[in-house]
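Step one of this worksheet: look at the structure below.
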Amino acid sequence: MANNNPHRIILLGNKKSGKTQLTELITPLNPDSASSGTVNLEIHHIDNSIFSQASTQGKYVELVDTPGLNTFFSQNKEGHLTRKAIFLQEYDSIIFVIDPLRFKRSLALFLQASLLNKPLSVVFNDRNNDYSESIQTFSQLFGIKTVSFSSLKNNKHLFSNLFFEATLPKHPENSFFNKAKLYAKIVESSPFQLKQQDKSKVLMGLGQIPEILNDIKSNNQELFFWMTQTIAEKSQNSYFGRTDLSLTDSSFSGASEIQDLILHKKKAKKLFFQKAGELLTKPLTGLPFAFLILYLMYLFVGKFGATFLVDYLDKNLFAAHLMPAVNYLVSFIPIAFIREAFMDPNFGIFPTAIFLAFGLVLPVILTYFFFIGILEEMNYFPRLSVLLNNSMKPMGLNGKGVMPILMGFSCITMALITTRVLDTKKEKIIASLILLLGIPCAPLLSTMFLILGKMNWTATLFVFGFIFIQIALAGFFTNKVLPGQLPAFITEIPPLKLPSVFSVAKKSLLKAIFFLKEALPYFILGSFFLFLAQKAGFLLWLEQATAPLVTKFWGLPKEAVQVLIKTLIRRENGIAELVRIKHLFSNTQAVSMLILMTILIPCVNSLLILFKERGLKISFSILAIILVYSTLTAGGLNLLFSHVSFNF
């Protein structure tokens, strides 16, 4: 056996296309990782018993599983690692996994792979559905071996055909291959004598693939200079100004032209949801819809959840039945201190923690999770990313940066983790600053409506207008200060669909229950800490010590201190405390307090993730900016409200 010369196969496909399931079907062995980090190139040594002896010819078989891609021209870790395996290593053929549920995306990547001038075979991830007609059409159109995933599970002898009968794909007539032919003619007209395999490499290299350009630069300086000059000329004539984006766009156009033929769908008028999905990405129709969504959230969460639902439960359940019942039970406790700790009207565990959590916070956060869940189920948020792509650029972010920001309205901690999807260090710093400085997380955002829902609508407009303006300004100035270029934005937009109301309601309820399990201990801890602080005189001392800042510079009541203490423990706990003592605040003071709570104090979990993701130097810089900015902002709002009358 010639172990030094294996039969090597590259496994390609999009993310979640089914490559992992195919690998597990072929081999139960744990892969040897060939890279560090979370993005891996996995190398599997295949058991030859699944192949016929004649097909292996005494060689052992090696399968190289690459990370999922959307395009060969991607500049993320997945793209670099996959291209190194394809362009800088020797291999015999490619197995490509097609996902019919994301067929356009799969087909676009397949069209790009067909330019590699390497034998290809295809696996259709049919998920036990009948795609036999589509598989036959695909095989005939491209002239390559194509099998279904379910047939491989039922008949492992087909692996021999898949691994050893790969062929060069045909190039049917469509816009992508027409553009590829133009690039091929440019390569043919080059002043260099190139082998066929080298021609394919140079053709792909004209798409600005760095691995190819660096390899050619080290081996043939003249060819490299000719390629860079050609790339510059083609970029000037391209609509996108870049050859990689031009080729990516044409591959998706080519995929659109032939997907109906392969999946045997009629070329009828587009469905309503396809048209609606397109309209939501265009500024003229998408922006009014986005504002409508915000208004509907105000009505559903602010008016229905935070006003009607909370008032109804308080009047008919908590005040009418639960509070008297608990008061009666606690009266049997012989120790006065414990009775006070439970039922003190200012800081008792039941009135200011348990009842607030269940009676105030739970109804509001349940309506918020339901509303956001409907939008997620509809696949609306990817369209919002496309819609806001251009408006995000002055802030140093593109459409890809919209998703971490949107996730921040759910959980700042998770949003900080998802900044990993951003391509540059500059983008990650800007997104982290915006998340900590100006984004209210789901518990804070939803409970803010407990205050705003009982005020004039102008209060909501002022608070959220202020938040969005400061987000834009923070991003704009940080973008000006930090060096670096903004990468191109390429994303997949899943089809718009009707949400399952029952499914969303079930998920929302589970999220709300999980929230209560996590938050209730902090509510109890906050109330008990303030109860002890009041008894010990510490709260009075703290109010007097911070009076110059809180009451004079910020213009807030001294009770703002206890709100901030609860906010330190849990942000929505602070809002609940503010609701409880709202009668001590004017409407303008309550608005100032909401803005201050949004920008001043991130939660402990988000701080830990910030230091983990951004490091000590950048994290302390961000926190210093937030501390100074929030202090000055609260003072500025006090000055504004003392000179200008607002009808909140």
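Residues in the structure tokens are named by chain (A, B, ... in the order shown) and by number from 1 within that chain; ligands are numbered from 1 in the order shown.
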
Exercise for the section: For segment 345-347 of chain A, please output as JSON, numbers by chain all residues within 12 Å (counting only C-alpha atoms; exclusion window: fewer than 4 positions along the same chain). Expected result: {"A": [323, 327, 339, 340, 341, 351, 352, 353, 354, 355, 356, 523, 524, 525, 526, 527, 528, 529, 530, 531, 532, 533, 534, 535, 539, 559, 562, 563, 566, 576, 577, 578, 580, 581]}

Exercise for the section: Enumerate the residues of segment 373-482 of chain A with a DSSP assignment of alpha helix (DSSP H), computed from the backbone, and present them as an NGL selection string. Expected result: :A and (373-377 or 381-387 or 389-392 or 402-408 or 412-418 or 425-438 or 442-452 or 457-481)

Completion exercise
From the list A:Phe103, A:Tyr295, A:Leu388, A:Phe176, the nearest residue to Lys282 of chain A using only C-alpha atoms is A:Leu388

Exercise for the section: Measure the distance from atom CA of Glu376 of chain A to atom CA of Leu397 of chain A in Å and round it to one decimal. Expected result: 21.9 Å

Practice task
Using only C-alpha atoms, determine which residues lie at most 8 Å from Ile601 of chain A, disregarding the query and same-chain residues fewer than 6 positions distant; provide the list as an MDAnalysis selection string.
Solution key: chainID A and resid 567:568 571

Serialized selection, C-alpha atoms, as a compact mmCIF listing (two decimals), in the first residue's frame:
# COMPACT_ATOMS: atom_id res chain seq x y z
CA THR A 567 -29.60 48.70 38.45
CA LEU A 568 -26.06 47.65 39.37
CA ARG A 571 -30.81 46.54 35.07
